[in-house]
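Asker: Got a structure for you, questions after.
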Protein chains: 2
Amino acid sequence: MATITKKELIDRISEKTNNKRVVVKRIVQYFLDEIIDELGHDNRLEFRDFGVFESKRRAARVAQNPKTLERVQVPPKRTVKFKVGRLMKMRLSKQDEAPNDRSVAVES
Amino acid sequence: MATITKKELIDRISEKTNNKRVVVKRIVQYFLDEIIDELGHDNRLEFRDFGVFESKRRAARVAQNPKTLERVQVPPKRTVKFKVGRLMKMRLSKQDEAPNDRSVAVES
């Protein structure tokens, strides 16, 4: 299993699309920043085939330790849920049925 | 809560970066396709500040129905896990402390 970074994808996209690295970098960074921004405003992002990003919010609450009966203030929590889209799901399951050379290589 | 689409972000990025819509669209689409492709090959994607995408695999197994004792073949399953990055986490919690006009508007 390899870890792919943003830089690596930017290099690849720049090569494949014949756009300057600096242009690709700026667009990709804007794209990621816009996603963060929208999730911060409780909005949902739906990218067809890819998936859905959703911000989940849990309100602050008072919990009780069942052993000591002590009450504890639990702060509000925010997380992001990602739900896999149609195309991604298809590609992932296809991979399981007929793994190609590359996936075999990364598993070893 | 609003739903933001890929098209909407592409329009926005095109405007902000002064790049043609068609260029932004191609780069964003390549970016999403590369992510799907890498996850399909069991690779992990790490975008600093944004988060980490990881493909999780559960092997095929035989399960047993505890009531009927019937054995059932459970197929392998693949899902994608998204872990929120540092900057996104900061922005999300900041939002909770000091919600701005916009977040108030979308909540109503």
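Chain identifiers are assigned as A, B, and so on, following the order in which chains appear in the structure tokens; residues are numbered from 1 within each chain, and ligands are numbered from 1 in order of appearance.
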Skipping near chain neighbours, those fewer than 3 positions away, what residues fall within 7 Å of region 82-93 of chain B using only C-alpha atoms, listed as a PyMOL selection string?
Answerer: (chain A and resi 36+40+78+80+82) or (chain B and resi 48-54+96-97)
Asker: Could you give me chain A least-squares fitted onto chain B (all C-alpha atoms, paired in order), as an mmCIF file with C-alpha atoms, in the first residue's frame?
Answerer:
```
data_model
loop_
_atom_site.group_PDB
_atom_site.id
_atom_site.type_symbol
_atom_site.label_atom_id
_atom_site.label_comp_id
_atom_site.auth_asym_id
_atom_site.auth_seq_id
_atom_site.Cartn_x
_atom_site.Cartn_y
_atom_site.Cartn_z
ATOM 1 C CA MET A 1 -28.109 23.071 4.846
ATOM 2 C CA ALA A 2 -27.345 23.394 1.162
ATOM 3 C CA THR A 3 -25.963 20.816 -1.249
ATOM 4 C CA ILE A 4 -23.028 22.042 -3.295
ATOM 5 C CA THR A 5 -22.246 20.320 -6.570
ATOM 6 C CA LYS A 6 -19.059 19.896 -8.542
ATOM 7 C CA LYS A 7 -20.391 22.242 -11.216
ATOM 8 C CA GLU A 8 -20.903 24.977 -8.648
ATOM 9 C CA LEU A 9 -17.347 24.685 -7.336
ATOM 10 C CA ILE A 10 -15.935 24.628 -10.861
ATOM 11 C CA ASP A 11 -17.769 27.861 -11.690
ATOM 12 C CA ARG A 12 -16.481 29.471 -8.516
ATOM 13 C CA ILE A 13 -12.872 28.364 -9.029
ATOM 14 C CA SER A 14 -12.943 29.462 -12.652
ATOM 15 C CA GLU A 15 -14.037 32.920 -11.568
ATOM 16 C CA LYS A 16 -11.589 33.211 -8.679
ATOM 17 C CA THR A 17 -8.532 31.918 -10.517
ATOM 18 C CA ASN A 18 -9.304 33.477 -13.904
ATOM 19 C CA ASN A 19 -9.021 30.150 -15.670
ATOM 20 C CA LYS A 20 -11.444 28.996 -18.339
ATOM 21 C CA ARG A 21 -14.267 26.828 -17.036
ATOM 22 C CA VAL A 22 -13.259 23.998 -19.360
ATOM 23 C CA VAL A 23 -9.701 23.984 -17.973
ATOM 24 C CA VAL A 24 -10.876 23.963 -14.357
ATOM 25 C CA LYS A 25 -13.424 21.251 -15.090
ATOM 26 C CA ARG A 26 -10.829 19.008 -16.683
ATOM 27 C CA ILE A 27 -8.346 19.427 -13.838
ATOM 28 C CA VAL A 28 -10.949 18.854 -11.103
ATOM 29 C CA GLN A 29 -12.274 15.778 -12.917
ATOM 30 C CA TYR A 30 -8.773 14.353 -13.315
ATOM 31 C CA PHE A 31 -8.142 14.980 -9.651
ATOM 32 C CA LEU A 32 -11.268 13.076 -8.551
ATOM 33 C CA ASP A 33 -10.601 10.276 -11.053
ATOM 34 C CA GLU A 34 -7.049 9.857 -9.813
ATOM 35 C CA ILE A 35 -8.342 9.507 -6.248
ATOM 36 C CA ILE A 36 -10.823 6.800 -7.307
ATOM 37 C CA ASP A 37 -8.086 5.046 -9.231
ATOM 38 C CA GLU A 38 -5.605 5.051 -6.362
ATOM 39 C CA LEU A 39 -8.199 3.835 -3.867
ATOM 40 C CA GLY A 40 -9.068 1.073 -6.318
ATOM 41 C CA HIS A 41 -5.432 0.017 -6.124
ATOM 42 C CA ASP A 42 -5.550 -0.042 -2.323
ATOM 43 C CA ASN A 43 -3.465 3.072 -2.036
ATOM 44 C CA ARG A 44 -3.944 5.786 0.562
ATOM 45 C CA LEU A 45 -4.258 9.464 -0.291
ATOM 46 C CA GLU A 46 -2.962 12.027 2.118
ATOM 47 C CA PHE A 47 -3.737 15.690 1.447
ATOM 48 C CA ARG A 48 -2.147 17.850 4.075
ATOM 49 C CA ASP A 49 -4.640 19.997 6.042
ATOM 50 C CA PHE A 50 -7.525 18.396 4.197
ATOM 51 C CA GLY A 51 -7.528 14.759 5.198
ATOM 52 C CA VAL A 52 -6.755 11.161 4.336
ATOM 53 C CA PHE A 53 -8.672 8.760 2.089
ATOM 54 C CA GLU A 54 -8.120 5.082 2.745
ATOM 55 C CA SER A 55 -9.602 2.012 1.156
ATOM 56 C CA LYS A 56 -10.676 -0.630 3.631
ATOM 57 C CA ARG A 57 -11.089 -4.231 2.634
ATOM 58 C CA ARG A 58 -12.945 -6.984 4.427
ATOM 59 C CA ALA A 59 -12.309 -10.490 3.166
ATOM 60 C CA ALA A 60 -15.085 -12.837 2.116
ATOM 61 C CA ARG A 61 -16.196 -14.936 5.064
ATOM 62 C CA VAL A 62 -18.796 -17.465 6.142
ATOM 63 C CA ALA A 63 -21.259 -16.178 8.708
ATOM 64 C CA GLN A 64 -23.806 -18.158 10.640
ATOM 65 C CA ASN A 65 -27.347 -17.106 11.421
ATOM 66 C CA PRO A 66 -27.516 -17.579 15.227
ATOM 67 C CA LYS A 67 -31.211 -18.512 15.138
ATOM 68 C CA THR A 68 -31.346 -20.936 12.233
ATOM 69 C CA LEU A 69 -27.649 -21.941 12.386
ATOM 70 C CA GLU A 70 -27.711 -21.556 8.617
ATOM 71 C CA ARG A 71 -24.323 -20.709 7.109
ATOM 72 C CA VAL A 72 -24.206 -17.751 4.753
ATOM 73 C CA GLN A 73 -21.408 -16.729 2.416
ATOM 74 C CA VAL A 74 -20.644 -13.039 2.982
ATOM 75 C CA PRO A 75 -18.918 -11.468 -0.047
ATOM 76 C CA PRO A 76 -15.805 -9.308 0.351
ATOM 77 C CA LYS A 77 -16.545 -5.673 0.985
ATOM 78 C CA ARG A 78 -14.643 -2.526 0.135
ATOM 79 C CA THR A 79 -15.294 0.862 1.617
ATOM 80 C CA VAL A 80 -13.479 4.147 1.784
ATOM 81 C CA LYS A 81 -12.648 5.837 5.044
ATOM 82 C CA PHE A 82 -12.057 9.549 5.184
ATOM 83 C CA LYS A 83 -10.179 11.036 8.095
ATOM 84 C CA VAL A 84 -10.442 14.772 8.637
ATOM 85 C CA GLY A 85 -7.160 16.679 8.449
ATOM 86 C CA ARG A 86 -5.723 19.270 10.785
ATOM 87 C CA LEU A 87 -6.903 22.438 9.061
ATOM 88 C CA MET A 88 -10.370 21.099 8.418
ATOM 89 C CA LYS A 89 -10.702 20.080 12.050
ATOM 90 C CA MET A 90 -9.641 23.553 13.145
ATOM 91 C CA ARG A 91 -12.095 25.250 10.827
ATOM 92 C CA LEU A 92 -14.941 23.030 11.941
ATOM 93 C CA SER A 93 -14.373 23.643 15.629
ATOM 94 C CA LYS A 94 -13.841 27.370 15.064
ATOM 95 C CA GLN A 95 -17.239 27.418 13.434
ATOM 96 C CA ASP A 96 -18.819 26.081 16.617
ATOM 97 C CA GLU A 97 -17.231 28.691 18.834
ATOM 98 C CA ALA A 98 -18.100 31.727 16.713
ATOM 99 C CA PRO A 99 -20.750 30.939 14.126
ATOM 100 C CA ASN A 100 -20.955 33.676 11.517
ATOM 101 C CA ASP A 101 -24.001 35.077 9.730
ATOM 102 C CA ARG A 102 -23.854 32.544 6.974
ATOM 103 C CA SER A 103 -23.885 29.445 9.158
ATOM 104 C CA VAL A 104 -26.759 30.857 11.175
ATOM 105 C CA ALA A 105 -28.624 31.474 7.934
ATOM 106 C CA VAL A 106 -28.204 27.935 6.634
ATOM 107 C CA GLU A 107 -29.325 26.453 9.942
ATOM 108 C CA SER A 108 -32.683 28.196 9.909
#
```
Asker: Going by DSSP on the backbone, which residues of chain B come out as helix (DSSP H, G or I)? List them as a VMD selection string.
Answerer: chain B and resid 6 to 17 21 to 40 86 to 97 101 to 107
Asker: Selection from above, N, CA and C atoms, as a short mmCIF file (atom, residue, chain, number, x, y, z; two decimals), in the first residue's frame, can you write it?
Answerer:
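As a result, part_35.cif now contains:
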```cif
data_model
loop_
_atom_site.label_atom_id
_atom_site.label_comp_id
_atom_site.auth_asym_id
_atom_site.auth_seq_id
_atom_site.Cartn_x
_atom_site.Cartn_y
_atom_site.Cartn_z
N LYS B 6 -20.39 19.72 -7.86
CA LYS B 6 -19.09 19.90 -8.53
C LYS B 6 -19.16 21.08 -9.48
N LYS B 7 -20.23 21.16 -10.22
CA LYS B 7 -20.41 22.26 -11.18
C LYS B 7 -20.31 23.63 -10.50
N GLU B 8 -20.93 23.73 -9.37
CA GLU B 8 -20.93 24.99 -8.64
C GLU B 8 -19.51 25.38 -8.23
N LEU B 9 -18.76 24.41 -7.71
CA LEU B 9 -17.38 24.70 -7.30
C LEU B 9 -16.52 25.06 -8.51
N ILE B 10 -16.74 24.36 -9.62
CA ILE B 10 -15.96 24.64 -10.84
C ILE B 10 -16.21 26.08 -11.30
N ASP B 11 -17.46 26.50 -11.28
CA ASP B 11 -17.78 27.88 -11.66
C ASP B 11 -17.06 28.87 -10.75
N ARG B 12 -17.12 28.61 -9.47
CA ARG B 12 -16.50 29.49 -8.49
C ARG B 12 -14.99 29.59 -8.69
N ILE B 13 -14.36 28.41 -8.85
CA ILE B 13 -12.89 28.37 -8.99
C ILE B 13 -12.47 29.06 -10.29
N SER B 14 -13.26 28.85 -11.33
CA SER B 14 -12.96 29.48 -12.62
C SER B 14 -12.96 31.01 -12.47
N GLU B 15 -13.94 31.50 -11.75
CA GLU B 15 -14.05 32.93 -11.53
C GLU B 15 -12.90 33.46 -10.68
N LYS B 16 -12.63 32.76 -9.58
CA LYS B 16 -11.61 33.23 -8.64
C LYS B 16 -10.19 33.15 -9.20
N THR B 17 -9.92 32.12 -10.01
CA THR B 17 -8.55 31.93 -10.48
C THR B 17 -8.35 32.48 -11.89
N ARG B 21 -13.48 27.90 -17.62
CA ARG B 21 -14.29 26.85 -17.00
C ARG B 21 -13.85 25.46 -17.46
N VAL B 22 -13.61 25.33 -18.77
CA VAL B 22 -13.28 24.03 -19.34
C VAL B 22 -11.95 23.50 -18.78
N VAL B 23 -11.02 24.40 -18.51
CA VAL B 23 -9.72 24.01 -17.93
C VAL B 23 -9.91 23.54 -16.49
N VAL B 24 -10.66 24.33 -15.72
CA VAL B 24 -10.90 23.98 -14.31
C VAL B 24 -11.65 22.65 -14.23
N LYS B 25 -12.64 22.50 -15.08
CA LYS B 25 -13.44 21.29 -15.07
C LYS B 25 -12.58 20.05 -15.32
N ARG B 26 -11.71 20.16 -16.29
CA ARG B 26 -10.85 19.03 -16.66
C ARG B 26 -9.91 18.67 -15.51
N ILE B 27 -9.33 19.68 -14.89
CA ILE B 27 -8.38 19.44 -13.80
C ILE B 27 -9.08 18.84 -12.58
N VAL B 28 -10.24 19.40 -12.23
CA VAL B 28 -10.99 18.87 -11.08
C VAL B 28 -11.42 17.42 -11.35
N GLN B 29 -11.86 17.16 -12.58
CA GLN B 29 -12.31 15.80 -12.90
C GLN B 29 -11.15 14.81 -12.85
N TYR B 30 -10.01 15.22 -13.37
CA TYR B 30 -8.81 14.38 -13.30
C TYR B 30 -8.45 14.09 -11.85
N PHE B 31 -8.53 15.12 -11.05
CA PHE B 31 -8.19 14.99 -9.64
C PHE B 31 -9.08 13.94 -8.96
N LEU B 32 -10.39 14.04 -9.16
CA LEU B 32 -11.31 13.09 -8.54
C LEU B 32 -11.10 11.68 -9.11
N ASP B 33 -10.86 11.60 -10.42
CA ASP B 33 -10.64 10.29 -11.05
C ASP B 33 -9.37 9.62 -10.53
N GLU B 34 -8.35 10.42 -10.31
CA GLU B 34 -7.09 9.86 -9.78
C GLU B 34 -7.30 9.30 -8.38
N ILE B 35 -8.12 9.99 -7.59
CA ILE B 35 -8.39 9.51 -6.23
C ILE B 35 -9.11 8.16 -6.30
N ILE B 36 -10.14 8.07 -7.13
CA ILE B 36 -10.86 6.81 -7.29
C ILE B 36 -9.90 5.70 -7.72
N ASP B 37 -9.05 6.03 -8.68
CA ASP B 37 -8.12 5.05 -9.22
C ASP B 37 -7.15 4.54 -8.14
N GLU B 38 -6.61 5.45 -7.38
CA GLU B 38 -5.65 5.05 -6.34
C GLU B 38 -6.31 4.23 -5.24
N LEU B 39 -7.54 4.61 -4.87
CA LEU B 39 -8.25 3.84 -3.85
C LEU B 39 -8.56 2.44 -4.39
N GLY B 40 -8.84 2.37 -5.68
CA GLY B 40 -9.10 1.08 -6.32
C GLY B 40 -7.87 0.18 -6.28
N ARG B 86 -6.02 18.25 9.76
CA ARG B 86 -5.78 19.24 10.81
C ARG B 86 -6.52 20.56 10.57
N LEU B 87 -6.35 21.11 9.39
CA LEU B 87 -6.95 22.41 9.10
C LEU B 87 -8.48 22.32 9.10
N MET B 88 -8.99 21.23 8.50
CA MET B 88 -10.45 21.09 8.44
C MET B 88 -11.01 20.97 9.84
N LYS B 89 -10.33 20.22 10.69
CA LYS B 89 -10.77 20.06 12.07
C LYS B 89 -10.81 21.42 12.79
N MET B 90 -9.76 22.20 12.57
CA MET B 90 -9.69 23.53 13.18
C MET B 90 -10.83 24.42 12.72
N ARG B 91 -11.07 24.40 11.43
CA ARG B 91 -12.13 25.25 10.87
C ARG B 91 -13.49 24.82 11.38
N LEU B 92 -13.69 23.52 11.51
CA LEU B 92 -14.99 23.02 11.96
C LEU B 92 -15.23 23.43 13.42
N SER B 93 -14.20 23.32 14.25
CA SER B 93 -14.41 23.66 15.66
C SER B 93 -14.51 25.18 15.85
N LYS B 94 -13.77 25.92 15.03
CA LYS B 94 -13.84 27.37 15.08
C LYS B 94 -15.28 27.82 14.80
N GLN B 95 -15.89 27.14 13.85
CA GLN B 95 -17.25 27.42 13.45
C GLN B 95 -18.21 27.29 14.63
N ASP B 96 -17.95 26.30 15.48
CA ASP B 96 -18.83 26.08 16.62
C ASP B 96 -18.70 27.18 17.67
N GLU B 97 -17.46 27.68 17.81
CA GLU B 97 -17.23 28.71 18.83
C GLU B 97 -17.82 30.05 18.41
N ASP B 101 -22.37 35.00 10.20
CA ASP B 101 -23.69 35.27 9.61
C ASP B 101 -24.14 34.16 8.68
N ARG B 102 -23.19 33.70 7.88
CA ARG B 102 -23.54 32.74 6.85
C ARG B 102 -24.04 31.43 7.45
N SER B 103 -23.33 30.96 8.50
CA SER B 103 -23.74 29.67 9.07
C SER B 103 -25.09 29.81 9.76
N VAL B 104 -25.35 30.99 10.31
CA VAL B 104 -26.65 31.21 10.93
C VAL B 104 -27.74 31.16 9.87
N ALA B 105 -27.43 31.74 8.74
CA ALA B 105 -28.41 31.79 7.66
C ALA B 105 -28.75 30.38 7.16
N VAL B 106 -27.73 29.53 6.96
CA VAL B 106 -28.03 28.22 6.41
C VAL B 106 -28.70 27.31 7.44
N GLU B 107 -28.56 27.66 8.72
CA GLU B 107 -29.18 26.81 9.74
C GLU B 107 -30.68 27.06 9.85
#
```
Asker: Which parts of region 33-87 of chain B does DSSP call strand (DSSP E) when run on the backbone here, written out as a PyMOL selection string?
Answerer: chain B and resi 44-47+51-58+61-64+71-74+77-84
